[in-house]
Protein chains: 2
Amino acid sequence: MEREFLSKLADRIPAHPRAPLGVGDDAAIVTTPTGRCVVSTDMLSDEVDFLLTECLPTRIGRKALAVNLSDMAAMAAKPIAAFVSVLLPETGAADLADQLSEGILKLAKEFDVALPGGDTNVWPGKLAISVTILGDPTEHGVWQRDGAKSGDAILVTGKLGGSILGKHFDFEPRVREALLLNERYEINAALDISDGFAIDLDRLAVASGLGAQVDLNSLPISRAAEQLSQRTGKTPLAHALGDGEDFELLFTASSDVAKQLLADQPLDIEIRQVGEMIPTPGLWSSDRSVNDSSLKPLAVTGFEHGN
Amino acid sequence: MEREFLSKLADRIPAHPRAPLGVGDDAAIVTTPTGRCVVSTDMLSDEVDFLLTECLPTRIGRKALAVNLSDMAAMAAKPIAAFVSVLLPETGAADLADQLSEGILKLAKEFDVALPGGDTNVWPGKLAISVTILGDPTEHGVWQRDGAKSGDAILVTGKLGGSILGKHFDFEPRVREALLLNERYEINAALDISDGFAIDLDRLAVASGLGAQVDLNSLPISRAAEQLSQRTGKTPLAHALGDGEDFELLFTASSDVAKQLLADQPLDIEIRQVGEMIPTPGLWSSDRSVNDSSLKPLAVTGFEHGN
């Protein structure tokens with residue numbers, strides 16, 4: 001739906017000279033007479049992104065800011081300021097606002113993000129919270145998802161899958177990691193895994209006019225994916241491939257850069273190579289663990305909504 | 001409520017060096033390593049700001065952007081780009097999105113505002129639409145509401161009151177007017193009349209540490225205020241003083257500057273002097289038409305929510 005609405009907007013308005021990147025990346029780049037900034041907006045709403053009856057409002061507030069911080073990480077932009085709009089249900093509005101702001105403020109402080117304004121409404125409806133974040137494109141430039149080159153190594157931070165067991169609320173936006181990688185290495189394309197590894201990798205590949213080959217055996221599978229697998233009957237690998245909201249970085253670099261980066265392991269979390277960009281469109285899998293290097297189509301699993 | 005939530009935020013976070021203006025003006029000023037931008041965010045929601053059952057969605061879309069443009073006008077900032085987040089009810093979502101975007105796009109084109117991104121959700125709730133707008137503080141600086149000086153003339157553009165009869169949807173944000181005034185004249189303080197002339201003037205006065213004396217006879221009363229008065233039994237003047245959503249500019253300048261400005265009448269719409277900033281706190285009225293220059297307390301009428 002988001003795509004449909006945005007493509008309507010995009011179809012009708014030609015790319016504006018002040019926003020050359022346009023719709024479709026994790027954030028937009030806006031050019032002002034004095035400089036450039038990177039802007040992203042994301043809204044969370046009750047019964048779609050969370051169940052207010054089952055979640056602590058502090059975690060909802062934190063997440064509303066965190067998903068936007070993750071978009072800044074996806075662009076390797078330094079977060080500067082966030083603007084929060086909230087729709088509060090009439091019952092218990094003041095208390096709810098208090099708890100939401102506690103979650104927002106703590107994370108804003110942690111990432112040194114200013115909160116200079118917002119708009120709060122009490123209404124006869126459910127809770128929704130929209131955050132728009134401004135970031136600074138550092139001197140090292142921004143990452144886009146359309147810059148991957150054939151032969152690039154595909155890399156991910158951290159571990160994947162099963163975020164519904166907790167990480168989808170408590171994830172650490174990879175802002176510091178992105179800024180450090182961008183400073184030290186030449187990264188060709190990047191995004192944050194928000195809707196699922198497979199679907200997000202497919203988007204990166206499509207945007208870059210390429211395909212992607214995934215070595216299934218190398219995918220970093222989280223403990224949560226294994227735990228969840230015991231409940232769902234799906235394999236841990238299926239969870240790592242298709243679960244949304246990992247909010248890890250998925251990025252590509254030339255094989256030389258990747259080799260260096262993997263040797264350095266410059267982050268507190270592990271970076272792993274999980275595949276390679278290839279000229280053939282589509283998602284493909286191989287499994288080197290069983291000595292099978294033939295390519296099989298890989299299902300594009302993940303959430304279809306949002307980005 | 002907005003004030004309460006925001007003041008909670010403001011209380012807890014000291015003014016951030018990158019957002020020195022903080023909460024409380026029409027928009028925030030954000031400083032990035034490369035420059036400054038002016039940012040405002042406003043949300044409209046069903047049953048609070050409009051009734052979807054009684055309004056054309058094109059008008060709702062237009063208004064969602066227009067109120068933010070009006071905030072840019074209040075700061076004399078040039079609008080650059082807007083980010084739109086929408087919550088769509090499940091029934092008829094695609095059609096509704098189409099009509100909203102029609103209203104947004106037309107006004108964005110008129111004001112040369114880029115629409116590089118947003119977030120759209122379909123949910124089991126009512127319609128809400130949040131817009132965050134970025135503006136450029138021109139070389140002439142931004143207007144704030146706290147800069148009025150004692151003895152300043154109080155000036156307004158256009159006519160006031162009765163906007164509920166149509167202007168609250170179809171108003172022209174005074175962006176061009178503000179940019180022209182800022183270029184040619186030294187304006188000391190300004191805001192846009194969103195909640196009502198009296199309450200907004202009171203806010204300007206409080207922010208500037210002053211009071212305001214209003215010459216009731218000079219208030220520019222709209223035809224709509226007169227029409228509405230026949231239905232409500234309130235006087236047209238009461239409507240001009242207390243009705244919200246005029247979205248006219250309310251600003252102050254030294255008496256010399258005001259004299260020049262009133263003689264020039266540089267806009268397509270009339271600018272009128274309606275009073276004077278005074279050292280005594282509070283809102284006060286005089287009525288020169290009946291030769292009564294004594295000051296009487298003037299009720300601070302208008303909407304209490306939002307800004």
# chains A, B, ... in the order shown; residues from 1 in each chain; ligands from 1
$ residues_around --residues "stretch 294-302 of chain B" --least-positions-apart "6" --cutoff "10 Å" --atoms "only C-alpha atoms" --output "mmCIF file with N, CA, C and O atoms, in the first residue's frame"
data_model
loop_
_atom_site.group_PDB
_atom_site.id
_atom_site.type_symbol
_atom_site.label_atom_id
_atom_site.label_comp_id
_atom_site.auth_asym_id
_atom_site.auth_seq_id
_atom_site.Cartn_x
_atom_site.Cartn_y
_atom_site.Cartn_z
ATOM 1 N N ILE B 193 -1.855 32.939 12.506
ATOM 2 C CA ILE B 193 -3.034 32.815 13.371
ATOM 3 C C ILE B 193 -3.671 31.464 13.104
ATOM 4 O O ILE B 193 -4.358 31.267 12.113
ATOM 5 N N SER B 194 -3.392 30.513 13.982
ATOM 6 C CA SER B 194 -3.951 29.175 13.776
ATOM 7 C C SER B 194 -5.040 28.857 14.794
ATOM 8 O O SER B 194 -6.023 28.208 14.476
ATOM 9 N N ASP B 195 -4.895 29.344 16.007
ATOM 10 C CA ASP B 195 -5.881 29.010 17.042
ATOM 11 C C ASP B 195 -6.835 30.161 17.357
ATOM 12 O O ASP B 195 -7.782 29.989 18.129
ATOM 13 N N GLY B 196 -6.592 31.326 16.777
ATOM 14 C CA GLY B 196 -7.438 32.481 17.026
ATOM 15 C C GLY B 196 -6.578 33.717 17.272
ATOM 16 O O GLY B 196 -5.544 33.624 17.926
ATOM 17 N N PHE B 197 -7.030 34.854 16.752
ATOM 18 C CA PHE B 197 -6.254 36.085 16.875
ATOM 19 C C PHE B 197 -5.868 36.369 18.320
ATOM 20 O O PHE B 197 -4.695 36.615 18.629
ATOM 21 N N ALA B 198 -6.846 36.319 19.238
ATOM 22 C CA ALA B 198 -6.575 36.724 20.625
ATOM 23 C C ALA B 198 -5.572 35.786 21.296
ATOM 24 O O ALA B 198 -4.593 36.224 21.890
ATOM 25 N N ILE B 199 -5.803 34.489 21.181
ATOM 26 C CA ILE B 199 -4.920 33.544 21.873
ATOM 27 C C ILE B 199 -3.520 33.563 21.244
ATOM 28 O O ILE B 199 -2.509 33.451 21.945
ATOM 29 N N ASP B 200 -3.448 33.723 19.928
ATOM 30 C CA ASP B 200 -2.131 33.737 19.288
ATOM 31 C C ASP B 200 -1.375 35.027 19.586
ATOM 32 O O ASP B 200 -0.162 35.012 19.799
ATOM 33 N N LEU B 201 -2.103 36.137 19.638
ATOM 34 C CA LEU B 201 -1.452 37.395 20.022
ATOM 35 C C LEU B 201 -0.945 37.301 21.462
ATOM 36 O O LEU B 201 0.155 37.761 21.784
ATOM 37 N N ASP B 202 -1.751 36.687 22.311
ATOM 38 C CA ASP B 202 -1.327 36.506 23.705
ATOM 39 C C ASP B 202 -0.033 35.693 23.775
ATOM 40 O O ASP B 202 0.864 36.004 24.557
ATOM 41 N N ARG B 203 0.053 34.652 22.947
ATOM 42 C CA ARG B 203 1.279 33.827 22.933
ATOM 43 C C ARG B 203 2.491 34.644 22.492
ATOM 44 O O ARG B 203 3.579 34.523 23.057
ATOM 45 N N ALA B 212 -0.221 43.283 25.086
ATOM 46 C CA ALA B 212 -0.674 43.813 23.798
ATOM 47 C C ALA B 212 -1.979 44.554 23.975
ATOM 48 O O ALA B 212 -2.872 44.104 24.696
ATOM 49 N N GLN B 213 -2.053 45.695 23.297
ATOM 50 C CA GLN B 213 -3.273 46.491 23.317
ATOM 51 C C GLN B 213 -3.887 46.418 21.930
ATOM 52 O O GLN B 213 -3.246 46.728 20.931
ATOM 53 N N VAL B 214 -5.132 46.001 21.886
ATOM 54 C CA VAL B 214 -5.810 45.822 20.597
ATOM 55 C C VAL B 214 -6.864 46.905 20.415
ATOM 56 O O VAL B 214 -7.700 47.117 21.302
ATOM 57 N N ASP B 215 -6.821 47.583 19.279
ATOM 58 C CA ASP B 215 -7.862 48.545 18.936
ATOM 59 C C ASP B 215 -8.985 47.780 18.237
ATOM 60 O O ASP B 215 -8.890 47.452 17.053
ATOM 61 N N LEU B 216 -10.026 47.486 19.002
ATOM 62 C CA LEU B 216 -11.070 46.584 18.491
ATOM 63 C C LEU B 216 -11.688 47.099 17.194
ATOM 64 O O LEU B 216 -12.110 46.320 16.338
ATOM 65 N N ALA B 238 -16.434 39.174 17.801
ATOM 66 C CA ALA B 238 -16.084 38.022 18.649
ATOM 67 C C ALA B 238 -15.534 36.892 17.789
ATOM 68 O O ALA B 238 -14.595 36.192 18.183
ATOM 69 N N HIS B 239 -16.115 36.715 16.612
ATOM 70 C CA HIS B 239 -15.594 35.679 15.709
ATOM 71 C C HIS B 239 -14.184 36.025 15.224
ATOM 72 O O HIS B 239 -13.304 35.175 15.162
ATOM 73 N N ALA B 240 -13.976 37.296 14.882
ATOM 74 C CA ALA B 240 -12.649 37.717 14.406
ATOM 75 C C ALA B 240 -11.597 37.553 15.500
ATOM 76 O O ALA B 240 -10.455 37.185 15.230
ATOM 77 N N LEU B 241 -11.994 37.788 16.722
ATOM 78 C CA LEU B 241 -11.050 37.672 17.842
ATOM 79 C C LEU B 241 -10.748 36.219 18.205
ATOM 80 O O LEU B 241 -9.610 35.879 18.536
ATOM 81 N N GLY B 242 -11.771 35.368 18.142
ATOM 82 C CA GLY B 242 -11.609 34.050 18.749
ATOM 83 C C GLY B 242 -11.625 32.864 17.809
ATOM 84 O O GLY B 242 -11.228 31.764 18.207
ATOM 85 N N ASP B 243 -12.074 33.057 16.567
ATOM 86 C CA ASP B 243 -12.128 31.898 15.669
ATOM 87 C C ASP B 243 -10.726 31.444 15.286
ATOM 88 O O ASP B 243 -9.838 32.263 15.056
ATOM 89 N N GLY B 244 -10.539 30.157 15.204
ATOM 90 C CA GLY B 244 -9.237 29.632 14.810
ATOM 91 C C GLY B 244 -9.118 29.511 13.300
ATOM 92 O O GLY B 244 -10.053 29.787 12.556
ATOM 93 N N GLU B 245 -7.933 29.122 12.888
ATOM 94 C CA GLU B 245 -7.657 28.732 11.507
ATOM 95 C C GLU B 245 -7.855 29.840 10.470
ATOM 96 O O GLU B 245 -8.294 29.591 9.358
ATOM 97 N N GLY B 282 -0.437 40.950 29.470
ATOM 98 C CA GLY B 282 -1.856 40.673 29.262
ATOM 99 C C GLY B 282 -2.356 41.247 27.951
ATOM 100 O O GLY B 282 -1.660 41.986 27.252
ATOM 101 N N LEU B 283 -3.580 40.884 27.642
ATOM 102 C CA LEU B 283 -4.251 41.421 26.454
ATOM 103 C C LEU B 283 -5.220 42.505 26.902
ATOM 104 O O LEU B 283 -6.001 42.303 27.830
ATOM 105 N N TRP B 284 -5.187 43.616 26.204
ATOM 106 C CA TRP B 284 -6.007 44.765 26.555
ATOM 107 C C TRP B 284 -6.669 45.309 25.309
ATOM 108 O O TRP B 284 -6.101 45.252 24.227
ATOM 109 N N SER B 285 -7.873 45.867 25.491
ATOM 110 C CA SER B 285 -8.547 46.437 24.325
ATOM 111 C C SER B 285 -8.847 47.909 24.536
ATOM 112 O O SER B 285 -9.021 48.377 25.660
ATOM 113 N N SER B 286 -8.881 48.603 23.431
ATOM 114 C CA SER B 286 -9.369 49.974 23.437
ATOM 115 C C SER B 286 -10.303 50.093 22.239
ATOM 116 O O SER B 286 -10.293 49.259 21.345
ATOM 117 N N ASP B 287 -11.147 51.093 22.230
ATOM 118 C CA ASP B 287 -12.045 51.273 21.095
ATOM 119 C C ASP B 287 -12.041 52.742 20.704
ATOM 120 O O ASP B 287 -12.782 53.548 21.262
ATOM 121 N N ARG B 288 -11.187 53.071 19.763
ATOM 122 C CA ARG B 288 -11.019 54.474 19.383
ATOM 123 C C ARG B 288 -12.252 55.031 18.673
ATOM 124 O O ARG B 288 -12.431 56.226 18.588
#
$ interface_residues --of "chain B" --to "chain A" --cutoff "6 Å" --atoms "only C-alpha atoms" --output "PDB file with all heavy atoms, in the first residue's frame"
ATOM      1  N   GLU B   2      -1.002  19.012  23.698  1.00  0.00           N
ATOM      2  CA  GLU B   2       0.260  19.127  22.974  1.00  0.00           C
ATOM      3  C   GLU B   2       1.302  19.804  23.840  1.00  0.00           C
ATOM      4  O   GLU B   2       2.424  19.329  23.980  1.00  0.00           O
ATOM      5  CB  GLU B   2       0.068  19.929  21.695  1.00  0.00           C
ATOM      6  CG  GLU B   2       1.382  20.223  21.001  1.00  0.00           C
ATOM      7  CD  GLU B   2       1.189  20.879  19.656  1.00  0.00           C
ATOM      8  OE1 GLU B   2       0.059  21.264  19.335  1.00  0.00           O
ATOM      9  OE2 GLU B   2       2.175  21.010  18.941  1.00  0.00           O
ATOM     10  N   HIS B  16      18.962  21.609  22.865  1.00  0.00           N
ATOM     11  CA  HIS B  16      20.097  20.974  22.216  1.00  0.00           C
ATOM     12  C   HIS B  16      20.851  22.015  21.390  1.00  0.00           C
ATOM     13  O   HIS B  16      20.236  22.852  20.746  1.00  0.00           O
ATOM     14  CB  HIS B  16      19.570  19.860  21.315  1.00  0.00           C
ATOM     15  CG  HIS B  16      20.623  18.880  20.897  1.00  0.00           C
ATOM     16  ND1 HIS B  16      21.567  19.183  19.968  1.00  0.00           N
ATOM     17  CD2 HIS B  16      20.870  17.609  21.303  1.00  0.00           C
ATOM     18  CE1 HIS B  16      22.363  18.125  19.812  1.00  0.00           C
ATOM     19  NE2 HIS B  16      21.955  17.157  20.599  1.00  0.00           N
ATOM     20  N   GLY B  22      14.286  25.395  20.137  1.00  0.00           N
ATOM     21  CA  GLY B  22      13.501  24.509  20.996  1.00  0.00           C
ATOM     22  C   GLY B  22      12.018  24.562  20.701  1.00  0.00           C
ATOM     23  O   GLY B  22      11.575  25.139  19.717  1.00  0.00           O
ATOM     24  N   VAL B  23      11.265  23.959  21.589  1.00  0.00           N
ATOM     25  CA  VAL B  23       9.822  23.861  21.439  1.00  0.00           C
ATOM     26  C   VAL B  23       9.186  25.215  21.699  1.00  0.00           C
ATOM     27  O   VAL B  23       9.673  25.993  22.490  1.00  0.00           O
ATOM     28  CB  VAL B  23       9.301  22.842  22.465  1.00  0.00           C
ATOM     29  CG1 VAL B  23       7.833  22.572  22.283  1.00  0.00           C
ATOM     30  CG2 VAL B  23      10.080  21.542  22.353  1.00  0.00           C
ATOM     31  N   ALA B  28      10.853  24.627  14.298  1.00  0.00           N
ATOM     32  CA  ALA B  28      12.146  24.532  14.957  1.00  0.00           C
ATOM     33  C   ALA B  28      13.243  24.882  13.958  1.00  0.00           C
ATOM     34  O   ALA B  28      13.071  24.718  12.761  1.00  0.00           O
ATOM     35  CB  ALA B  28      12.361  23.114  15.470  1.00  0.00           C
ATOM     36  N   THR B  34      26.406  21.566   7.789  1.00  0.00           N
ATOM     37  CA  THR B  34      26.526  22.368   6.568  1.00  0.00           C
ATOM     38  C   THR B  34      25.596  23.567   6.531  1.00  0.00           C
ATOM     39  O   THR B  34      25.715  24.408   5.648  1.00  0.00           O
ATOM     40  CB  THR B  34      26.237  21.516   5.323  1.00  0.00           C
ATOM     41  OG1 THR B  34      24.992  20.831   5.529  1.00  0.00           O
ATOM     42  CG2 THR B  34      27.338  20.507   5.095  1.00  0.00           C
ATOM     43  N   GLY B  35      24.648  23.658   7.444  1.00  0.00           N
ATOM     44  CA  GLY B  35      23.743  24.795   7.356  1.00  0.00           C
ATOM     45  C   GLY B  35      22.621  24.724   8.364  1.00  0.00           C
ATOM     46  O   GLY B  35      22.722  24.016   9.365  1.00  0.00           O
ATOM     47  N   THR B  41       6.095  20.306  12.021  1.00  0.00           N
ATOM     48  CA  THR B  41       5.291  19.111  11.799  1.00  0.00           C
ATOM     49  C   THR B  41       3.895  19.329  12.357  1.00  0.00           C
ATOM     50  O   THR B  41       3.722  19.927  13.423  1.00  0.00           O
ATOM     51  CB  THR B  41       5.973  17.866  12.418  1.00  0.00           C
ATOM     52  OG1 THR B  41       5.255  16.705  12.040  1.00  0.00           O
ATOM     53  CG2 THR B  41       6.039  17.938  13.932  1.00  0.00           C
ATOM     54  N   ASP B  42       2.893  18.903  11.603  1.00  0.00           N
ATOM     55  CA  ASP B  42       1.505  19.052  12.013  1.00  0.00           C
ATOM     56  C   ASP B  42       0.711  17.861  11.541  1.00  0.00           C
ATOM     57  O   ASP B  42       0.887  17.394  10.418  1.00  0.00           O
ATOM     58  CB  ASP B  42       0.902  20.328  11.413  1.00  0.00           C
ATOM     59  CG  ASP B  42       0.743  21.428  12.453  1.00  0.00           C
ATOM     60  OD1 ASP B  42       0.197  21.149  13.525  1.00  0.00           O
ATOM     61  OD2 ASP B  42       1.167  22.553  12.166  1.00  0.00           O
ATOM     62  N   ALA B 114       9.124  19.891  -2.825  1.00  0.00           N
ATOM     63  CA  ALA B 114       9.401  18.495  -3.176  1.00  0.00           C
ATOM     64  C   ALA B 114       8.696  17.558  -2.195  1.00  0.00           C
ATOM     65  O   ALA B 114       8.495  17.899  -1.034  1.00  0.00           O
ATOM     66  CB  ALA B 114      10.908  18.242  -3.149  1.00  0.00           C
ATOM     67  N   PRO B 116       9.648  14.051  -1.336  1.00  0.00           N
ATOM     68  CA  PRO B 116      10.555  12.933  -1.618  1.00  0.00           C
ATOM     69  C   PRO B 116      10.300  11.673  -0.806  1.00  0.00           C
ATOM     70  O   PRO B 116      10.979  10.679  -1.032  1.00  0.00           O
ATOM     71  CB  PRO B 116      11.929  13.508  -1.275  1.00  0.00           C
ATOM     72  CG  PRO B 116      11.691  14.689  -0.422  1.00  0.00           C
ATOM     73  CD  PRO B 116      10.248  15.045  -0.450  1.00  0.00           C
ATOM     74  N   GLY B 117       9.352  11.662   0.102  1.00  0.00           N
ATOM     75  CA  GLY B 117       9.148  10.437   0.865  1.00  0.00           C
ATOM     76  C   GLY B 117       7.987  10.526   1.811  1.00  0.00           C
ATOM     77  O   GLY B 117       7.374  11.574   1.977  1.00  0.00           O
ATOM     78  N   GLY B 118       7.677   9.387   2.419  1.00  0.00           N
ATOM     79  CA  GLY B 118       6.585   9.352   3.369  1.00  0.00           C
ATOM     80  C   GLY B 118       6.352   7.940   3.844  1.00  0.00           C
ATOM     81  O   GLY B 118       7.151   7.044   3.581  1.00  0.00           O
ATOM     82  N   ASP B 119       5.282   7.754   4.552  1.00  0.00           N
ATOM     83  CA  ASP B 119       4.966   6.434   5.088  1.00  0.00           C
ATOM     84  C   ASP B 119       3.452   6.299   5.119  1.00  0.00           C
ATOM     85  O   ASP B 119       2.768   7.125   5.711  1.00  0.00           O
ATOM     86  CB  ASP B 119       5.547   6.289   6.508  1.00  0.00           C
ATOM     87  CG  ASP B 119       5.480   4.854   7.006  1.00  0.00           C
ATOM     88  OD1 ASP B 119       5.217   3.955   6.197  1.00  0.00           O
ATOM     89  OD2 ASP B 119       5.695   4.646   8.209  1.00  0.00           O
ATOM     90  N   THR B 120       2.958   5.278   4.456  1.00  0.00           N
ATOM     91  CA  THR B 120       1.516   5.091   4.399  1.00  0.00           C
ATOM     92  C   THR B 120       1.135   3.759   5.003  1.00  0.00           C
ATOM     93  O   THR B 120       1.732   2.739   4.671  1.00  0.00           O
ATOM     94  CB  THR B 120       1.023   5.157   2.943  1.00  0.00           C
ATOM     95  OG1 THR B 120       1.459   6.376   2.365  1.00  0.00           O
ATOM     96  CG2 THR B 120      -0.482   5.074   2.889  1.00  0.00           C
TER      97      THR B 120
END
$ closest_residue --among "A:Glu304, A:Asp256, A:Glu270, A:Glu248" --to "A:Tyr185" --atoms "only C-alpha atoms"
A:Asp256
